[in-house]
>>> print(open('work30.tsv').read())   # TSV, C-alpha atoms (C1' of nucleotides)
chain	number	residue	atom	x	y	z
A	1	MET	CA	97.51	108.24	105.01
A	2	GLN	CA	100.64	109.10	106.89
A	3	LEU	CA	102.63	107.49	109.67
A	4	ARG	CA	102.97	109.69	112.72
A	5	ASN	CA	106.19	111.56	113.23
A	6	GLN	CA	106.86	109.48	116.34
A	7	VAL	CA	107.67	106.57	114.04
A	8	GLU	CA	110.58	108.51	112.58
A	9	TRP	CA	111.66	109.59	116.05
A	10	ALA	CA	111.50	106.06	117.45
A	11	LEU	CA	113.53	104.64	114.57
A	12	HIS	CA	116.26	107.24	115.00
A	13	CYS	CA	116.31	106.73	118.76
A	14	CYS	CA	116.66	102.97	118.40
A	15	SER	CA	119.43	103.52	115.90
A	16	VAL	CA	121.30	105.56	118.49
A	17	LEU	CA	120.60	103.11	121.31
A	18	ALA	CA	121.93	100.32	119.11
A	19	GLY	CA	125.34	102.01	119.23
A	20	LEU	CA	125.39	102.33	122.99
A	21	PRO	CA	127.99	100.27	124.92
A	22	ALA	CA	126.58	97.48	127.08
A	23	GLY	CA	125.13	98.61	130.38
A	24	ARG	CA	124.74	102.27	129.44
A	25	TYR	CA	121.44	104.13	129.36
A	26	LEU	CA	120.56	107.23	127.36
A	27	SER	CA	117.91	109.62	128.67
A	28	THR	CA	114.87	110.97	126.88
A	29	LYS	CA	116.36	114.41	127.36
A	30	ALA	CA	119.52	113.50	125.45
A	31	LEU	CA	117.57	111.74	122.68
A	32	ALA	CA	115.24	114.72	122.34
A	33	GLU	CA	118.13	117.16	122.18
A	34	LEU	CA	120.00	115.04	119.65
A	35	HIS	CA	117.02	114.96	117.31
A	36	GLY	CA	115.52	118.36	118.02
A	37	VAL	CA	112.13	117.08	119.08
A	38	PRO	CA	109.95	117.84	122.13
A	39	LYS	CA	111.09	115.75	125.08
A	40	GLU	CA	107.66	115.13	126.61
A	41	TYR	CA	106.14	113.92	123.39
A	42	LEU	CA	109.13	111.81	122.41
A	43	SER	CA	108.71	110.24	125.83
A	44	LYS	CA	105.39	108.77	124.70
A	45	ALA	CA	107.06	107.04	121.77
A	46	LEU	CA	109.78	105.64	124.02
A	47	GLN	CA	107.15	104.38	126.43
A	48	GLY	CA	105.62	102.55	123.49
A	49	LEU	CA	108.95	100.93	122.71
A	50	SER	CA	109.28	99.97	126.36
A	51	GLN	CA	105.83	98.40	126.50
A	52	ALA	CA	106.62	96.45	123.36
A	53	GLY	CA	109.69	95.04	125.06
A	54	LEU	CA	112.13	96.60	122.61
A	55	VAL	CA	113.86	98.82	125.15
A	56	GLU	CA	114.24	98.78	128.90
A	57	SER	CA	114.51	101.75	131.18
A	58	THR	CA	115.94	102.73	134.52
A	59	LEU	CA	115.16	105.66	136.77
A	60	GLY	CA	117.15	108.32	138.52
A	61	PRO	CA	120.22	110.28	137.44
A	62	SER	CA	122.08	108.45	134.66
A	63	GLY	CA	118.79	106.74	133.96
A	64	GLY	CA	117.21	106.40	130.55
A	65	TYR	CA	116.78	103.73	127.90
A	66	ARG	CA	118.77	100.93	126.34
A	67	LEU	CA	117.84	98.18	123.91
A	68	ALA	CA	116.27	95.12	125.48
A	69	LYS	CA	117.56	92.87	122.69
A	70	THR	CA	120.51	92.84	120.32
A	71	PRO	CA	120.28	95.12	117.26
A	72	ALA	CA	120.03	92.01	115.09
A	73	GLN	CA	116.90	90.95	116.97
A	74	ILE	CA	115.02	94.20	116.49
A	75	THR	CA	113.43	94.93	113.14
A	76	PHE	CA	111.94	98.05	111.63
A	77	LEU	CA	108.57	96.35	111.88
A	78	ASP	CA	108.96	95.90	115.65
A	79	ILE	CA	109.57	99.60	116.08
A	80	VAL	CA	106.90	100.78	113.66
A	81	GLU	CA	104.30	98.53	115.25
A	82	ALA	CA	105.31	99.57	118.76
A	83	VAL	CA	104.49	103.17	117.89
A	84	GLU	CA	101.82	102.86	115.23
A	85	GLY	CA	100.08	99.70	116.32
A	86	LYS	CA	99.60	96.39	114.56
A	87	ALA	CA	96.29	97.16	112.89
A	88	SER	CA	96.14	97.01	109.12
A	89	SER	CA	96.07	100.29	107.24
A	90	PHE	CA	92.90	99.10	105.52
A	91	VAL	CA	89.75	98.75	107.55
A	92	CYS	CA	86.98	96.76	105.90
A	93	ASP	CA	83.58	98.09	106.91
A	94	ASN	CA	81.92	95.36	104.86
A	95	ILE	CA	79.88	97.81	102.87
A	96	ARG	CA	79.16	94.84	100.62
A	97	TYR	CA	76.49	93.84	103.12
A	98	ASN	CA	74.56	97.03	102.43
A	99	ASN	CA	73.68	95.58	99.04
A	100	PRO	CA	69.85	95.80	98.98
A	101	CYS	CA	69.72	92.54	97.02
A	102	LEU	CA	70.91	90.57	100.03
A	103	ARG	CA	68.53	89.35	102.66
A	104	LYS	CA	69.03	91.29	105.86
A	105	GLY	CA	71.68	89.77	108.09
A	106	TYR	CA	73.34	87.77	105.33
A	107	ARG	CA	77.03	87.08	106.01
A	108	ALA	CA	79.45	85.50	103.57
A	109	SER	CA	81.74	82.67	104.62
A	110	GLY	CA	84.92	84.26	103.30
A	111	ALA	CA	86.54	87.64	103.62
A	112	CYS	CA	85.68	90.47	101.26
A	113	ALA	CA	87.78	90.02	98.12
A	114	ILE	CA	88.67	93.70	98.07
A	115	ALA	CA	89.76	93.67	101.69
A	116	GLN	CA	91.85	90.59	101.03
A	117	VAL	CA	93.89	92.38	98.38
A	118	MET	CA	94.38	95.38	100.64
A	119	TRP	CA	95.43	93.18	103.52
A	120	ASP	CA	97.89	91.28	101.31
A	121	ALA	CA	99.47	94.59	100.36
A	122	ASP	CA	99.65	95.57	104.01
A	123	GLN	CA	101.37	92.27	104.67
A	124	ALA	CA	103.90	92.93	101.90
A	125	TRP	CA	104.69	96.25	103.60
A	126	ARG	CA	105.19	94.56	106.94
A	127	ASP	CA	107.28	91.78	105.42
A	128	LYS	CA	109.62	94.37	103.99
A	129	LEU	CA	109.92	96.17	107.32
A	130	ARG	CA	110.52	92.87	109.08
A	131	SER	CA	113.42	92.09	106.75
A	132	VAL	CA	115.57	94.95	108.02
A	133	SER	CA	117.07	94.92	111.51
A	134	LEU	CA	118.82	97.60	113.50
A	135	ALA	CA	122.03	95.70	112.83
A	136	ASP	CA	121.43	96.07	109.08
A	137	LEU	CA	120.75	99.76	109.56
A	138	GLY	CA	124.00	100.14	111.49
A	139	LYS	CA	125.93	98.54	108.66
A	140	THR	CA	124.38	100.90	106.15
A	141	LEU	CA	125.14	103.93	108.30
A	142	ARG	CA	128.78	102.93	108.73
A	143	LYS	CA	129.04	102.58	104.98
A	144	THR	CA	127.33	105.83	104.04
A	145	VAL	CA	127.86	108.34	106.84
A	146	PRO	CA	131.29	110.00	107.09
A	147	ALA	CA	133.33	108.41	109.88
A	148	ASP	CA	134.07	111.69	111.63
A	149	ILE	CA	130.35	112.39	112.02
A	150	LEU	CA	129.73	108.96	113.47
A	151	ASP	CA	132.66	109.40	115.84
A	152	LYS	CA	131.68	112.85	117.05
A	153	THR	CA	128.11	111.74	117.57
A	154	GLN	CA	129.23	108.66	119.45
A	155	ASP	CA	131.33	110.86	121.76
A	156	TRP	CA	128.37	113.19	122.28
A	157	VAL	CA	126.18	110.24	123.21
A	158	LEU	CA	128.74	108.63	125.51
A	159	GLU	CA	129.14	111.86	127.46
A	160	ARG	CA	125.45	111.67	128.27
A	161	SER	CA	125.01	107.94	128.82
B	1	MET	CA	97.78	105.10	110.22
B	2	GLN	CA	94.61	104.30	108.38
B	3	LEU	CA	93.41	104.70	104.82
B	4	ARG	CA	90.29	106.80	104.55
B	5	ASN	CA	86.97	105.06	104.13
B	6	GLN	CA	86.66	106.60	100.67
B	7	VAL	CA	89.31	104.14	99.51
B	8	GLU	CA	87.03	101.24	100.37
B	9	TRP	CA	84.10	103.00	98.73
B	10	ALA	CA	86.05	103.78	95.56
B	11	LEU	CA	87.25	100.19	95.21
B	12	HIS	CA	83.74	98.81	95.56
B	13	CYS	CA	82.36	101.37	93.14
B	14	CYS	CA	84.98	100.53	90.54
B	15	SER	CA	84.23	96.86	91.02
B	16	VAL	CA	80.59	97.55	90.19
B	17	LEU	CA	81.40	99.80	87.25
B	18	ALA	CA	83.65	97.05	85.89
B	19	GLY	CA	80.56	94.88	85.48
B	20	LEU	CA	78.59	97.52	83.59
B	21	PRO	CA	77.74	96.85	79.92
B	22	ALA	CA	79.52	99.12	77.44
B	23	GLY	CA	77.98	102.57	77.08
B	24	ARG	CA	76.06	102.50	80.35
B	25	TYR	CA	76.57	104.94	83.19
B	26	LEU	CA	75.77	104.43	86.87
B	27	SER	CA	74.93	107.43	89.04
B	28	THR	CA	76.45	108.45	92.35
B	29	LYS	CA	73.00	108.05	93.83
B	30	ALA	CA	72.79	104.40	92.80
B	31	LEU	CA	76.34	103.67	93.95
B	32	ALA	CA	75.67	105.35	97.30
B	33	GLU	CA	72.45	103.42	97.78
B	34	LEU	CA	74.09	100.13	96.84
B	35	HIS	CA	76.83	100.57	99.41
B	36	GLY	CA	74.91	102.45	102.08
B	37	VAL	CA	77.18	105.48	102.13
B	38	PRO	CA	76.44	109.23	101.99
B	39	LYS	CA	75.95	110.30	98.40
B	40	GLU	CA	77.52	113.75	98.69
B	41	TYR	CA	80.69	112.45	100.28
B	42	LEU	CA	81.00	109.47	97.97
B	43	SER	CA	80.78	112.01	95.19
B	44	LYS	CA	84.14	113.44	96.29
B	45	ALA	CA	85.77	110.06	95.92
B	46	LEU	CA	84.26	109.58	92.47
B	47	GLN	CA	85.48	113.02	91.46
B	48	GLY	CA	88.96	111.88	92.46
B	49	LEU	CA	88.64	108.83	90.24
B	50	SER	CA	87.47	111.07	87.43
B	51	GLN	CA	90.38	113.48	87.80
B	52	ALA	CA	92.77	110.52	87.79
B	53	GLY	CA	91.31	109.43	84.47
B	54	LEU	CA	90.01	106.12	85.79
B	55	VAL	CA	86.35	106.87	85.18
B	56	GLU	CA	84.44	109.23	82.95
B	57	SER	CA	81.17	110.91	83.66
B	58	THR	CA	78.18	112.32	81.89
B	59	LEU	CA	75.49	114.69	83.08
B	60	GLY	CA	71.74	114.72	83.10
B	61	PRO	CA	69.19	111.98	83.71
B	62	SER	CA	70.74	108.55	83.09
B	63	GLY	CA	74.06	110.26	83.70
B	64	GLY	CA	76.72	108.93	86.05
B	65	TYR	CA	80.04	107.17	85.81
B	66	ARG	CA	81.64	104.42	83.80
B	67	LEU	CA	85.19	103.13	83.61
B	68	ALA	CA	87.49	105.07	81.29
B	69	LYS	CA	89.65	101.99	80.65
B	70	THR	CA	89.15	98.25	80.58
B	71	PRO	CA	89.06	96.46	83.96
B	72	ALA	CA	92.37	94.83	83.08
B	73	GLN	CA	93.97	98.26	82.72
B	74	ILE	CA	92.93	99.56	86.13
B	75	THR	CA	94.79	98.39	89.20
B	76	PHE	CA	94.09	98.66	92.90
B	77	LEU	CA	97.02	101.05	93.08
B	78	ASP	CA	95.41	103.38	90.54
B	79	ILE	CA	92.27	103.60	92.63
B	80	VAL	CA	93.99	103.88	96.00
B	81	GLU	CA	96.27	106.63	94.72
B	82	ALA	CA	93.40	108.48	93.10
B	83	VAL	CA	91.71	108.79	96.48
B	84	GLU	CA	94.59	108.75	98.91
B	85	GLY	CA	97.27	110.45	96.89
B	86	LYS	CA	100.66	109.25	95.72
B	87	ALA	CA	102.70	110.48	98.69
B	88	SER	CA	104.61	107.91	100.68
B	89	SER	CA	103.20	106.93	104.05
B	90	PHE	CA	106.55	107.82	105.58
B	91	VAL	CA	107.60	111.45	105.66
B	92	CYS	CA	111.26	112.04	106.44
B	93	ASP	CA	111.71	115.26	108.36
B	94	ASN	CA	115.47	114.76	108.32
B	95	ILE	CA	115.76	115.00	112.07
B	96	ARG	CA	119.27	113.65	111.55
B	97	TYR	CA	120.29	117.21	110.70
B	98	ASN	CA	119.40	118.37	114.19
B	99	ASN	CA	122.44	116.47	115.44
B	100	PRO	CA	124.38	119.15	117.36
B	101	CYS	CA	127.66	117.57	116.23
B	102	LEU	CA	127.03	118.67	112.65
B	103	ARG	CA	128.00	122.09	111.42
B	104	LYS	CA	124.91	124.15	110.80
B	105	GLY	CA	123.56	123.74	107.30
B	106	TYR	CA	125.31	120.41	106.65
B	107	ARG	CA	123.48	118.25	104.13
B	108	ALA	CA	124.38	114.68	103.24
B	109	SER	CA	124.66	113.53	99.65
B	110	GLY	CA	122.39	110.51	100.02
B	111	ALA	CA	118.97	109.93	101.49
B	112	CYS	CA	118.50	109.13	105.14
B	113	ALA	CA	119.10	105.40	105.58
B	114	ILE	CA	116.04	105.07	107.78
B	115	ALA	CA	113.82	106.84	105.29
B	116	GLN	CA	115.16	104.62	102.53
B	117	VAL	CA	113.98	101.49	104.31
B	118	MET	CA	110.57	103.00	104.97
B	119	TRP	CA	110.25	104.09	101.36
B	120	ASP	CA	111.25	100.64	100.13
B	121	ALA	CA	108.48	99.16	102.24
B	122	ASP	CA	106.03	101.69	100.88
B	123	GLN	CA	107.12	100.66	97.40
B	124	ALA	CA	106.51	96.99	98.23
B	125	TRP	CA	102.98	97.93	99.29
B	126	ARG	CA	102.38	99.79	96.05
B	127	ASP	CA	103.89	96.99	93.97
B	128	LYS	CA	101.43	94.57	95.52
B	129	LEU	CA	98.50	96.88	94.82
B	130	ARG	CA	99.69	97.39	91.28
B	131	SER	CA	99.72	93.64	90.69
B	132	VAL	CA	95.95	93.27	91.04
B	133	SER	CA	93.56	94.67	88.42
B	134	LEU	CA	89.82	95.07	88.43
B	135	ALA	CA	89.72	92.16	86.01
B	136	ASP	CA	91.49	89.99	88.59
B	137	LEU	CA	89.04	91.13	91.23
B	138	GLY	CA	86.14	90.25	88.99
B	139	LYS	CA	87.50	86.74	88.51
B	140	THR	CA	87.81	86.27	92.26
B	141	LEU	CA	84.29	87.53	92.86
B	142	ARG	CA	82.81	85.17	90.27
B	143	LYS	CA	84.64	82.30	91.97
B	144	THR	CA	83.72	83.18	95.56
B	145	VAL	CA	80.38	84.99	95.57
B	146	PRO	CA	77.23	82.89	95.04
B	147	ALA	CA	75.98	83.25	91.48
B	148	ASP	CA	72.46	84.26	92.49
B	149	ILE	CA	73.82	87.21	94.47
B	150	LEU	CA	75.92	88.36	91.54
B	151	ASP	CA	72.93	87.98	89.22
B	152	LYS	CA	70.49	89.85	91.44
B	153	THR	CA	72.98	92.64	91.98
B	154	GLN	CA	73.67	92.88	88.29
B	155	ASP	CA	69.91	93.23	87.61
B	156	TRP	CA	69.65	95.89	90.30
B	157	VAL	CA	72.49	97.83	88.70
B	158	LEU	CA	71.18	97.48	85.16
B	159	GLU	CA	67.81	98.86	86.20
B	160	ARG	CA	69.57	102.02	87.27
B	161	SER	CA	72.18	102.40	84.53
C	1	DA	C1'	118.20	110.93	155.31
C	2	DT	C1'	117.67	114.39	151.74
C	3	DC	C1'	117.72	116.10	147.26
C	4	DC	C1'	117.85	115.86	142.37
C	5	DT	C1'	116.99	113.37	138.20
C	6	DT	C1'	114.65	110.22	135.80
C	7	DA	C1'	110.62	107.17	133.50
C	8	DA	C1'	105.57	106.27	133.71
C	9	DG	C1'	101.46	107.75	132.90
C	10	DG	C1'	97.12	110.58	133.38
C	11	DA	C1'	94.83	114.90	132.05
C	12	DT	C1'	94.30	118.48	129.14
C	13	DA	C1'	95.01	121.68	125.26
C	14	DT	C1'	95.96	122.64	120.43
C	15	DT	C1'	96.19	121.66	115.65
C	16	DA	C1'	95.37	119.03	111.55
C	17	DT	C1'	92.82	115.77	109.06
C	18	DA	C1'	88.87	112.96	107.99
C	19	DT	C1'	84.14	112.91	107.44
C	20	DA	C1'	80.59	114.76	106.14
C	21	DT	C1'	76.66	118.36	104.59
C	22	DC	C1'	74.96	122.16	101.96
C	23	DC	C1'	74.48	124.96	98.06
C	24	DC	C1'	75.19	126.76	93.48
C	25	DT	C1'	76.33	126.04	88.52
C	26	DA	C1'	76.56	124.01	84.02
C	27	DT	C1'	75.24	120.14	81.35
C	28	DT	C1'	72.36	116.59	79.47
C	29	DA	C1'	68.35	113.63	78.49
C	30	DA	C1'	63.47	113.20	78.44
D	1	DT	C1'	61.03	123.31	79.54
D	2	DT	C1'	61.94	120.38	83.26
D	3	DA	C1'	64.24	117.23	86.10
D	4	DA	C1'	68.32	114.77	87.07
D	5	DT	C1'	73.00	114.74	87.00
D	6	DA	C1'	78.38	115.75	87.94
D	7	DG	C1'	81.53	119.40	89.54
D	8	DG	C1'	83.05	121.95	92.89
D	9	DG	C1'	83.24	125.60	96.60
D	10	DA	C1'	82.08	126.68	101.38
D	11	DT	C1'	81.26	125.24	105.73
D	12	DA	C1'	80.39	122.25	109.76
D	13	DT	C1'	81.51	118.30	112.78
D	14	DA	C1'	84.12	114.49	114.58
D	15	DT	C1'	88.27	112.21	115.20
D	16	DA	C1'	93.10	111.70	115.43
D	17	DA	C1'	97.74	113.69	115.77
D	18	DT	C1'	100.62	116.59	118.21
D	19	DA	C1'	102.04	118.59	122.18
D	20	DT	C1'	102.22	120.31	127.07
D	21	DC	C1'	101.57	119.93	131.94
D	22	DC	C1'	101.48	117.67	136.19
D	23	DT	C1'	101.86	113.95	139.63
D	24	DT	C1'	103.99	109.75	141.22
D	25	DA	C1'	107.49	106.39	142.21
D	26	DA	C1'	112.09	104.96	141.80
D	27	DG	C1'	117.15	105.41	141.64
D	28	DG	C1'	121.50	107.75	142.36
D	29	DA	C1'	124.38	111.41	144.52
D	30	DT	C1'	125.49	114.06	148.48
>>> encode(input="work30.tsv", output="structure tokens")
Amino acid sequence: MQLRNQVEWALHCCSVLAGLPAGRYLSTKALAELHGVPKEYLSKALQGLSQAGLVESTLGPSGGYRLAKTPAQITFLDIVEAVEGKASSFVCDNIRYNNPCLRKGYRASGACAIAQVMWDADQAWRDKLRSVSLADLGKTLRKTVPADILDKTQDWVLERS
Amino acid sequence: MQLRNQVEWALHCCSVLAGLPAGRYLSTKALAELHGVPKEYLSKALQGLSQAGLVESTLGPSGGYRLAKTPAQITFLDIVEAVEGKASSFVCDNIRYNNPCLRKGYRASGACAIAQVMWDADQAWRDKLRSVSLADLGKTLRKTVPADILDKTQDWVLERS
DNA sequence: ATCCTTAAGGATATTATATATCCCTATTAA
DNA sequence: TTAATAGGGATATATAATATCCTTAAGGAT
């Protein structure tokens, strides 16, 4: 079980967009070049973010994407779910109902106890992702990434926004 | 991102094996019939459980599987990892190093901040799975599943073990 | 107006993984 | 001796991930 690589791409893109000055847009082309990923495919991930209302886009030259909310309002969970979907990682096929001891068509009132545990774990994963915002990520980056790298990257981005 | 169906199968099989009297084995054939899943493919999942040391097997007629530990010693995480593997759901490809502002070959001292968050969430998921044992599951089942169903199923299993 | 650049999205191709199925072997109980 | 079993390798099929290509509509620059 593995998240698609677009999740990583989307998170990094949002991290960059979070540092963009108000009113500026950054293009798919620039984001793809910055991260070394195929532009057309990255575009699909960004479209997902757009449809989820996390980013907004504009067309034409100097067009591209910017965040649709403040970095504090966007969580890792928002981004992961925009790309990966909201479905639980565990799908219960209710194989319990294949039990030959049950009369055909029998359905229990409650959820499968096994599925419930798996879904609780999925929820714990989502809770953790919901607890970290892009603003939090920015703070961590400013603490851990050398300032000259952040500065140079910011210049690179501004030239293209 | 979805766990493979073998995870569900393995969990249900372990749940059944947890109810087996000491010394008895239950065959792949019986487990497959009970759950309505293909025997040969289920066999792969059971082999995974065996290699992980969760169950032990014996050959020949009246052969099959039984738990290698007490139900209290086996957690959901053990079973999930036996089938799905221990790798994190998030793979960090370090696309941060594609940043054209970095000198070629630059490597940071710490982990990618984005990956760290994703790995923490993965850990939260695993922690939750680790907190529930087969013994806990059994308690829940005895509380929520009608007694006559449990009894009939137990008889069905004993006939084949 | 015209041209270039962009996002949006549909269609298609390629690759990897999940889901099986089949077959052979060694082991064990009856 | 025989039949049933787990183990495991080889192979087939289906589905999903990854990627590319192309068309369209919109926005900005000239």
>>> residues_around(input="work30.tsv", residues="Glu84 (chain B)", least_positions_apart="2", cutoff="9 Å", atoms="all atoms listed in the file", output="PyMOL selection string")
(chain A and resi 1) or (chain B and resi 3-4+6-7+79-82+86-87)
>>> interface_residues(input="work30.tsv", of="chain B", to="chain D", cutoff="7 Å", atoms="all atoms listed in the file", output="PyMOL selection string")
chain B and resi 58-61+63-64
>>> write_last_selection(input="work30.tsv", atoms="C-alpha atoms", output="short mmCIF file (atom, residue, chain, number, x, y, z; two decimals), keeping the file's coordinate frame")
data_model
loop_
_atom_site.label_atom_id
_atom_site.label_comp_id
_atom_site.auth_asym_id
_atom_site.auth_seq_id
_atom_site.Cartn_x
_atom_site.Cartn_y
_atom_site.Cartn_z
CA THR B 58 78.18 112.32 81.89
CA LEU B 59 75.49 114.69 83.08
CA GLY B 60 71.74 114.72 83.10
CA PRO B 61 69.19 111.98 83.71
CA GLY B 63 74.06 110.26 83.70
CA GLY B 64 76.72 108.93 86.05
#
>>> atom_distance(input="work30.tsv", atom1="C1' of DA16 (chain C)", atom2="CA of Ala121 (chain A)")
27.2 Å
>>> closest_atom_pairs(input="work30.tsv", of="chain C", to="chain A", cutoff="7 Å", atoms="only C-alpha atoms (C1' of nucleotides)", output="CSV")
residue,atom,partner,partner_atom,distance
C:DT5,C1',A:Pro61,CA,4.5
C:DT6,C1',A:Gly60,CA,4.2
C:DA7,C1',A:Leu59,CA,5.8
>>> write_last_selection(input="work30.tsv", atoms="C-alpha atoms (C1' of nucleotides)", output="compact mmCIF listing (two decimals), keeping the file's coordinate frame")
# COMPACT_ATOMS: atom_id res chain seq x y z
C1' DT C 5 116.99 113.37 138.20
C1' DT C 6 114.65 110.22 135.80
C1' DA C 7 110.62 107.17 133.50
>>> closest_residue(input="work30.tsv", among="A:Tyr41, A:Tyr97, A:Tyr106, A:Tyr25", to="chain B", atoms="only C-alpha atoms")
A:Tyr97
>>> atom_distance(input="work30.tsv", atom1="CA of Ser50 (chain A)", atom2="C1' of DT14 (chain C)")
27.0 Å
>>> interface_residues(input="work30.tsv", of="chain B", to="chain A", cutoff="7 Å", atoms="only C-alpha atoms", output="list in words")
Met1, Gln2, Leu3, Leu34, His35, Gly36, Glu84, Ser89, Phe90, Ile95, Arg96, Asn98, Asn99, Pro100, Cys101, Ala113, Ala121, Asp122, Ala124, Trp125, Lys128, Leu129, Thr140, Leu141, Lys152 and Thr153 of chain B
>>> atom_distance(input="work30.tsv", atom1="CA of Glu40 (chain B)", atom2="CA of Ala52 (chain B)")
19.0 Å
